[in-house]
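Participant: Before anything else, here's the structure in question.
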Amino acid sequence: MSIDTELINAPPEKLVIDKVSKHFDTSQGRVTALESVSLSVREGEFVCLVGPSGCGKSTLLNMIAGLEMPDSGQILADGQPIRGPGSERMMMFQESALFPWLDVLGNVLFGLRLKPGLGDAERRDVARFYLKLVGLEKFTHSNVHELSGGMKQRVALARALAPNPRLLLMDEPFAALDAMTREQLYRDIQDIWTQRKKTILFVTHNVREAVCLGDRVVLFSPHPGRIQERFDIALPRHRDINSVDLASYATEITKALKRHLRPQMEDIAE
Ligand SMILES: Nc1ncnc2c1ncn2[C@@H]1O[C@H](COP(=O)(O)OP(=O)(O)OP(=O)(O)O)[C@@H](O)[C@H]1O
Ligand SMILES: [Mg+2]
């Protein structure tokens, strides 16, 4: 195949972040959250963003979600500039951000409000389908305060998945959970990613978590937020976070982090 044919046949980039910069004016002065950040993500890729606090990871996800706008540069999703939130790009946060006045089903139905063209009965069917997918069908009518932290994150995952977004933006979604619950969710999210053909951008402080989940790990450094290095993770799926092969990647990436960020290492877990 010639290089021209190969280029024509290559799948389009799902997401193109092109020289994006963003600053905030704060009480302490101007903060450059991101400076000339460029990253392309292919359809179906699982990309993990790692870096210490303040390097602009959440800012970048918020801009991709359409909640913030870049100062300069551009972000294209499926070749189109992002102008606001949309059901094809859903976000999941560290805290589940569920509505306490709605039950579990009501919270997942809320995720479907951005999805036009569905009747009430269809919305309920879709919500129930995703609650089953995350293993919570027995808790459909539970109140949010009756759920454990892990269950709340599962509801948040069902809510993010329900509109069937092609791009899932996950901002430290498992950071507040215990190790066993997290390991189960690593298995679940890998299942969902492979079976439901999502493109996922996943932010974490945890290098092992990034290696366990990512096709690629992208390292950021702060003040100003910049991309420093990118690593391809050539490990077969499903990956076990405790495997030796995974540990050697994690060691390599942690060393790179230390090289780039010696003064800011305290909040990076290998
Ligand atoms: N709305 C805002 N107003 C003012 N400053 C902000 C705002 N959002 C982010 N910042 C600043 O921009 C920088 C990047 O913040 P951001 O939240 O994107 O970092 P992060 O990499 O997600 O950090 P963490 O790992 O702690 O979540 C920080 O210095 C932060 O103080
Ligand atoms: Mg953040």
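Letters A, B, ... mark the chains of the structure tokens in the order given; residue numbers begin at 1 per chain; ligand numbers begin at 1, in order shown.
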So which residues touch A:Arg166 within 7 Å, counting only C-alpha atoms, skipping near sequence neighbours fewer than 3 positions away, as a ChimeraX atom specification?
Facilitator: /A:88-89,198-199
Participant: Within 8 Å of ligand 1 (counting only C-alpha atoms and all ligand atoms), which residues show up? I'd like them as a PyMOL selection string.
Facilitator: chain A and resi 23-26+31-34+51-60+171-172+204-205+222-223+225
Participant: If we count only C-alpha atoms, what is near A:Asp18 at a cut-off of 10 Å, once residues fewer than 3 positions away on the same chain are taken out, given as a PyMOL selection string?
Facilitator: chain A and resi 15+21+36-40+72-76
Participant: Could you check how far atom CA of A:Ala127 sits from atom CA of A:Met180, in Å to one decimal?
Facilitator: 26.1 Å
Participant: Which is closer to A:Val144 than all the others in A:Asp103, A:Asp191, A:Asp232, A:Glu252, using only C-alpha atoms?
Facilitator: A:Asp103
Participant: I need the residue nearest ligand 2 from this list: A:Asp215, A:Glu183, A:Asp188, A:Glu95. Use only C-alpha atoms and all ligand atoms for the distance.
Facilitator: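 The shortest atom-to-atom distance to ligand 2 comes from A:Glu95.
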Participant: Using only C-alpha atoms, which residue out of A:Ala77, A:Cys48, A:Leu67, A:Met151 lies closest to A:Leu177?
Facilitator: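 Distance minimum relative to A:Leu177 lands on A:Met151.
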Participant: As a tab-separated table (two decimals) with N, CA and C atoms, in the first residue's frame, list the residues of stretch 36-223 of chain A assigned to helix (DSSP H, G or I) by DSSP on the backbone atoms of this structure.
Facilitator:
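Saved the output as out.tsv:
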```tsv
chain	number	residue	atom	x	y	z
A	57	LYS	N	-4.67	19.27	33.95
A	57	LYS	CA	-5.38	18.08	33.44
A	57	LYS	C	-6.89	18.31	33.42
A	58	SER	N	-7.42	18.81	34.55
A	58	SER	CA	-8.87	19.04	34.60
A	58	SER	C	-9.27	20.16	33.66
A	59	THR	N	-8.42	21.17	33.56
A	59	THR	CA	-8.71	22.28	32.64
A	59	THR	C	-8.85	21.75	31.22
A	60	LEU	N	-7.94	20.85	30.84
A	60	LEU	CA	-7.99	20.29	29.48
A	60	LEU	C	-9.27	19.48	29.29
A	61	LEU	N	-9.60	18.64	30.27
A	61	LEU	CA	-10.83	17.84	30.15
A	61	LEU	C	-12.07	18.74	30.08
A	62	ASN	N	-12.07	19.79	30.91
A	62	ASN	CA	-13.22	20.72	30.89
A	62	ASN	C	-13.38	21.38	29.53
A	63	MET	N	-12.25	21.68	28.88
A	63	MET	CA	-12.34	22.31	27.55
A	63	MET	C	-12.86	21.31	26.52
A	64	ILE	N	-12.41	20.05	26.64
A	64	ILE	CA	-12.90	19.03	25.69
A	64	ILE	C	-14.40	18.78	25.92
A	65	ALA	N	-14.80	18.86	27.20
A	65	ALA	CA	-16.23	18.68	27.52
A	65	ALA	C	-17.06	19.88	27.06
A	104	VAL	N	-31.35	6.34	42.23
A	104	VAL	CA	-30.31	5.88	41.30
A	104	VAL	C	-30.80	6.00	39.85
A	105	LEU	N	-32.01	5.50	39.59
A	105	LEU	CA	-32.55	5.57	38.23
A	105	LEU	C	-32.67	7.04	37.76
A	106	GLY	N	-33.16	7.89	38.67
A	106	GLY	CA	-33.34	9.31	38.33
A	106	GLY	C	-32.02	9.96	37.95
A	107	ASN	N	-30.93	9.57	38.63
A	107	ASN	CA	-29.62	10.13	38.29
A	107	ASN	C	-29.17	9.70	36.91
A	108	VAL	N	-29.41	8.44	36.56
A	108	VAL	CA	-28.99	7.97	35.23
A	108	VAL	C	-29.89	8.60	34.15
A	109	LEU	N	-31.17	8.73	34.47
A	109	LEU	CA	-32.08	9.40	33.52
A	109	LEU	C	-31.63	10.83	33.26
A	110	PHE	N	-31.08	11.46	34.30
A	110	PHE	CA	-30.62	12.84	34.13
A	110	PHE	C	-29.54	12.92	33.04
A	111	GLY	N	-28.67	11.88	33.01
A	111	GLY	CA	-27.62	11.83	31.97
A	111	GLY	C	-28.21	11.78	30.57
A	112	LEU	N	-29.46	11.38	30.46
A	112	LEU	CA	-30.09	11.24	29.14
A	112	LEU	C	-30.81	12.51	28.68
A	113	ARG	N	-30.76	13.55	29.54
A	113	ARG	CA	-31.51	14.76	29.16
A	113	ARG	C	-30.94	15.39	27.90
A	114	LEU	N	-29.62	15.14	27.64
A	114	LEU	CA	-29.00	15.73	26.45
A	114	LEU	C	-29.26	14.91	25.20
A	120	ASP	N	-40.23	8.62	27.12
A	120	ASP	CA	-40.00	8.29	28.53
A	120	ASP	C	-39.67	6.82	28.74
A	121	ALA	N	-40.44	5.93	28.09
A	121	ALA	CA	-40.25	4.49	28.29
A	121	ALA	C	-38.88	4.07	27.76
A	122	GLU	N	-38.49	4.64	26.61
A	122	GLU	CA	-37.17	4.30	26.04
A	122	GLU	C	-36.05	4.78	26.96
A	123	ARG	N	-36.22	6.00	27.52
A	123	ARG	CA	-35.21	6.52	28.44
A	123	ARG	C	-35.02	5.57	29.62
A	124	ARG	N	-36.15	5.10	30.14
A	124	ARG	CA	-36.07	4.17	31.29
A	124	ARG	C	-35.38	2.87	30.90
A	125	ASP	N	-35.69	2.37	29.72
A	125	ASP	CA	-35.04	1.13	29.26
A	125	ASP	C	-33.54	1.32	29.14
A	126	VAL	N	-33.15	2.47	28.56
A	126	VAL	CA	-31.72	2.75	28.37
A	126	VAL	C	-31.05	2.85	29.75
A	127	ALA	N	-31.67	3.60	30.67
A	127	ALA	CA	-31.08	3.79	32.00
A	127	ALA	C	-30.94	2.44	32.70
A	128	ARG	N	-31.96	1.60	32.61
A	128	ARG	CA	-31.90	0.28	33.27
A	128	ARG	C	-30.80	-0.59	32.64
A	129	PHE	N	-30.65	-0.49	31.31
A	129	PHE	CA	-29.62	-1.26	30.62
A	129	PHE	C	-28.24	-0.91	31.20
A	130	TYR	N	-27.98	0.40	31.38
A	130	TYR	CA	-26.65	0.79	31.85
A	130	TYR	C	-26.48	0.50	33.34
A	131	LEU	N	-27.56	0.56	34.10
A	131	LEU	CA	-27.44	0.18	35.51
A	131	LEU	C	-27.09	-1.30	35.63
A	132	LYS	N	-27.65	-2.10	34.74
A	132	LYS	CA	-27.30	-3.54	34.73
A	132	LYS	C	-25.83	-3.72	34.32
A	133	LEU	N	-25.42	-2.95	33.31
A	133	LEU	CA	-24.03	-3.05	32.83
A	133	LEU	C	-23.03	-2.79	33.96
A	137	GLU	N	-28.38	-3.23	38.98
A	137	GLU	CA	-29.81	-3.33	38.67
A	137	GLU	C	-30.67	-3.50	39.91
A	138	LYS	N	-30.08	-4.06	40.97
A	138	LYS	CA	-30.88	-4.28	42.19
A	138	LYS	C	-31.05	-2.98	42.99
A	139	PHE	N	-30.36	-1.95	42.58
A	139	PHE	CA	-30.38	-0.70	43.37
A	139	PHE	C	-31.06	0.44	42.62
A	144	VAL	N	-29.39	7.86	46.91
A	144	VAL	CA	-27.94	8.00	46.73
A	144	VAL	C	-27.20	7.83	48.06
A	145	HIS	N	-27.78	8.37	49.16
A	145	HIS	CA	-27.06	8.29	50.45
A	145	HIS	C	-27.00	6.87	51.00
A	146	GLU	N	-27.74	5.94	50.40
A	146	GLU	CA	-27.69	4.54	50.85
A	146	GLU	C	-26.57	3.74	50.16
A	149	GLY	N	-19.23	4.40	48.36
A	149	GLY	CA	-18.50	5.25	47.41
A	149	GLY	C	-18.34	4.58	46.05
A	150	GLY	N	-18.02	3.27	46.08
A	150	GLY	CA	-17.83	2.54	44.82
A	150	GLY	C	-19.11	2.45	44.03
A	151	MET	N	-20.23	2.23	44.76
A	151	MET	CA	-21.53	2.15	44.07
A	151	MET	C	-21.89	3.51	43.47
A	152	LYS	N	-21.59	4.57	44.19
A	152	LYS	CA	-21.90	5.92	43.65
A	152	LYS	C	-21.11	6.15	42.35
A	153	GLN	N	-19.83	5.73	42.34
A	153	GLN	CA	-19.05	5.93	41.11
A	153	GLN	C	-19.61	5.08	39.97
A	154	ARG	N	-20.18	3.91	40.31
A	154	ARG	CA	-20.81	3.08	39.28
A	154	ARG	C	-22.05	3.78	38.71
A	155	VAL	N	-22.81	4.43	39.60
A	155	VAL	CA	-23.98	5.18	39.10
A	155	VAL	C	-23.50	6.31	38.18
A	156	ALA	N	-22.43	6.99	38.63
A	156	ALA	CA	-21.90	8.09	37.81
A	156	ALA	C	-21.42	7.56	36.46
A	157	LEU	N	-20.84	6.35	36.47
A	157	LEU	CA	-20.38	5.75	35.22
A	157	LEU	C	-21.59	5.42	34.33
A	158	ALA	N	-22.63	4.85	34.93
A	158	ALA	CA	-23.85	4.53	34.15
A	158	ALA	C	-24.44	5.82	33.57
A	159	ARG	N	-24.43	6.89	34.38
A	159	ARG	CA	-24.99	8.17	33.91
A	159	ARG	C	-24.17	8.72	32.73
A	160	ALA	N	-22.83	8.58	32.82
A	160	ALA	CA	-21.99	9.07	31.73
A	160	ALA	C	-22.14	8.20	30.48
A	161	LEU	N	-22.36	6.90	30.67
A	161	LEU	CA	-22.45	5.99	29.51
A	161	LEU	C	-23.82	6.03	28.83
A	179	ALA	N	-8.69	0.01	47.37
A	179	ALA	CA	-7.95	-0.71	46.32
A	179	ALA	C	-8.79	-1.83	45.68
A	180	MET	N	-9.56	-2.57	46.49
A	180	MET	CA	-10.31	-3.71	45.92
A	180	MET	C	-11.41	-3.22	44.98
A	181	THR	N	-12.11	-2.18	45.41
A	181	THR	CA	-13.18	-1.62	44.56
A	181	THR	C	-12.57	-1.08	43.27
A	182	ARG	N	-11.41	-0.43	43.41
A	182	ARG	CA	-10.74	0.12	42.22
A	182	ARG	C	-10.39	-0.99	41.24
A	183	GLU	N	-9.84	-2.10	41.76
A	183	GLU	CA	-9.42	-3.19	40.87
A	183	GLU	C	-10.59	-3.75	40.10
A	184	GLN	N	-11.75	-3.86	40.78
A	184	GLN	CA	-12.94	-4.34	40.07
A	184	GLN	C	-13.33	-3.34	38.97
A	185	LEU	N	-13.25	-2.05	39.30
A	185	LEU	CA	-13.61	-1.04	38.31
A	185	LEU	C	-12.61	-1.00	37.14
A	186	TYR	N	-11.33	-1.33	37.40
A	186	TYR	CA	-10.37	-1.42	36.28
A	186	TYR	C	-10.83	-2.49	35.30
A	187	ARG	N	-11.29	-3.63	35.87
A	187	ARG	CA	-11.77	-4.71	34.99
A	187	ARG	C	-13.01	-4.25	34.23
A	188	ASP	N	-13.93	-3.59	34.97
A	188	ASP	CA	-15.19	-3.17	34.34
A	188	ASP	C	-14.95	-2.15	33.23
A	189	ILE	N	-14.09	-1.19	33.50
A	189	ILE	CA	-13.92	-0.12	32.51
A	189	ILE	C	-13.21	-0.67	31.27
A	190	GLN	N	-12.31	-1.64	31.47
A	190	GLN	CA	-11.67	-2.28	30.29
A	190	GLN	C	-12.70	-3.06	29.48
A	191	ASP	N	-13.63	-3.74	30.18
A	191	ASP	CA	-14.72	-4.47	29.49
A	191	ASP	C	-15.57	-3.50	28.67
A	192	ILE	N	-15.96	-2.41	29.35
A	192	ILE	CA	-16.85	-1.45	28.68
A	192	ILE	C	-16.16	-0.82	27.48
A	193	TRP	N	-14.89	-0.49	27.65
A	193	TRP	CA	-14.12	0.14	26.57
A	193	TRP	C	-14.02	-0.80	25.38
A	194	THR	N	-13.73	-2.10	25.62
A	194	THR	CA	-13.58	-3.02	24.48
A	194	THR	C	-14.93	-3.35	23.87
A	195	GLN	N	-15.93	-3.61	24.72
A	195	GLN	CA	-17.21	-4.07	24.17
A	195	GLN	C	-18.01	-2.94	23.53
A	196	ARG	N	-17.90	-1.74	24.08
A	196	ARG	CA	-18.77	-0.66	23.61
A	196	ARG	C	-18.02	0.39	22.78
A	207	VAL	N	0.42	6.28	38.57
A	207	VAL	CA	1.11	5.81	37.36
A	207	VAL	C	0.71	4.38	37.02
A	208	ARG	N	0.61	3.52	38.05
A	208	ARG	CA	0.22	2.12	37.78
A	208	ARG	C	-1.17	2.05	37.16
A	209	GLU	N	-2.07	2.87	37.70
A	209	GLU	CA	-3.44	2.91	37.15
A	209	GLU	C	-3.39	3.32	35.67
A	210	ALA	N	-2.55	4.30	35.37
A	210	ALA	CA	-2.43	4.77	33.98
A	210	ALA	C	-1.90	3.65	33.09
A	211	VAL	N	-0.91	2.90	33.57
A	211	VAL	CA	-0.34	1.82	32.76
A	211	VAL	C	-1.34	0.67	32.62
A	212	CYS	N	-2.11	0.45	33.67
A	212	CYS	CA	-3.12	-0.63	33.64
A	212	CYS	C	-4.18	-0.34	32.58
A	213	LEU	N	-4.51	0.93	32.40
A	213	LEU	CA	-5.66	1.25	31.54
A	213	LEU	C	-5.28	1.79	30.16
```
Participant: Between A:Pro224, A:Pro81, A:Ser87, A:Phe93, which one has atoms that come closest to ligand 2, using only C-alpha atoms and all ligand atoms?
Facilitator: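 Between A:Pro224, A:Pro81, A:Ser87, A:Phe93, the residue approaching ligand 2 most closely is A:Phe93.
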Participant: Just to confirm, what's the straight-line distance from atom CA of A:Pro116 to atom CA of A:Phe99 in Å (one decimal)?
Facilitator: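 These atoms are spaced 21.4 Å apart.
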Participant: Would you please work out which residue, of A:Thr251, A:Gln228, A:Asn164, A:Ser221, is nearest to A:Gly86 when using only C-alpha atoms?
Facilitator: A:Asn164
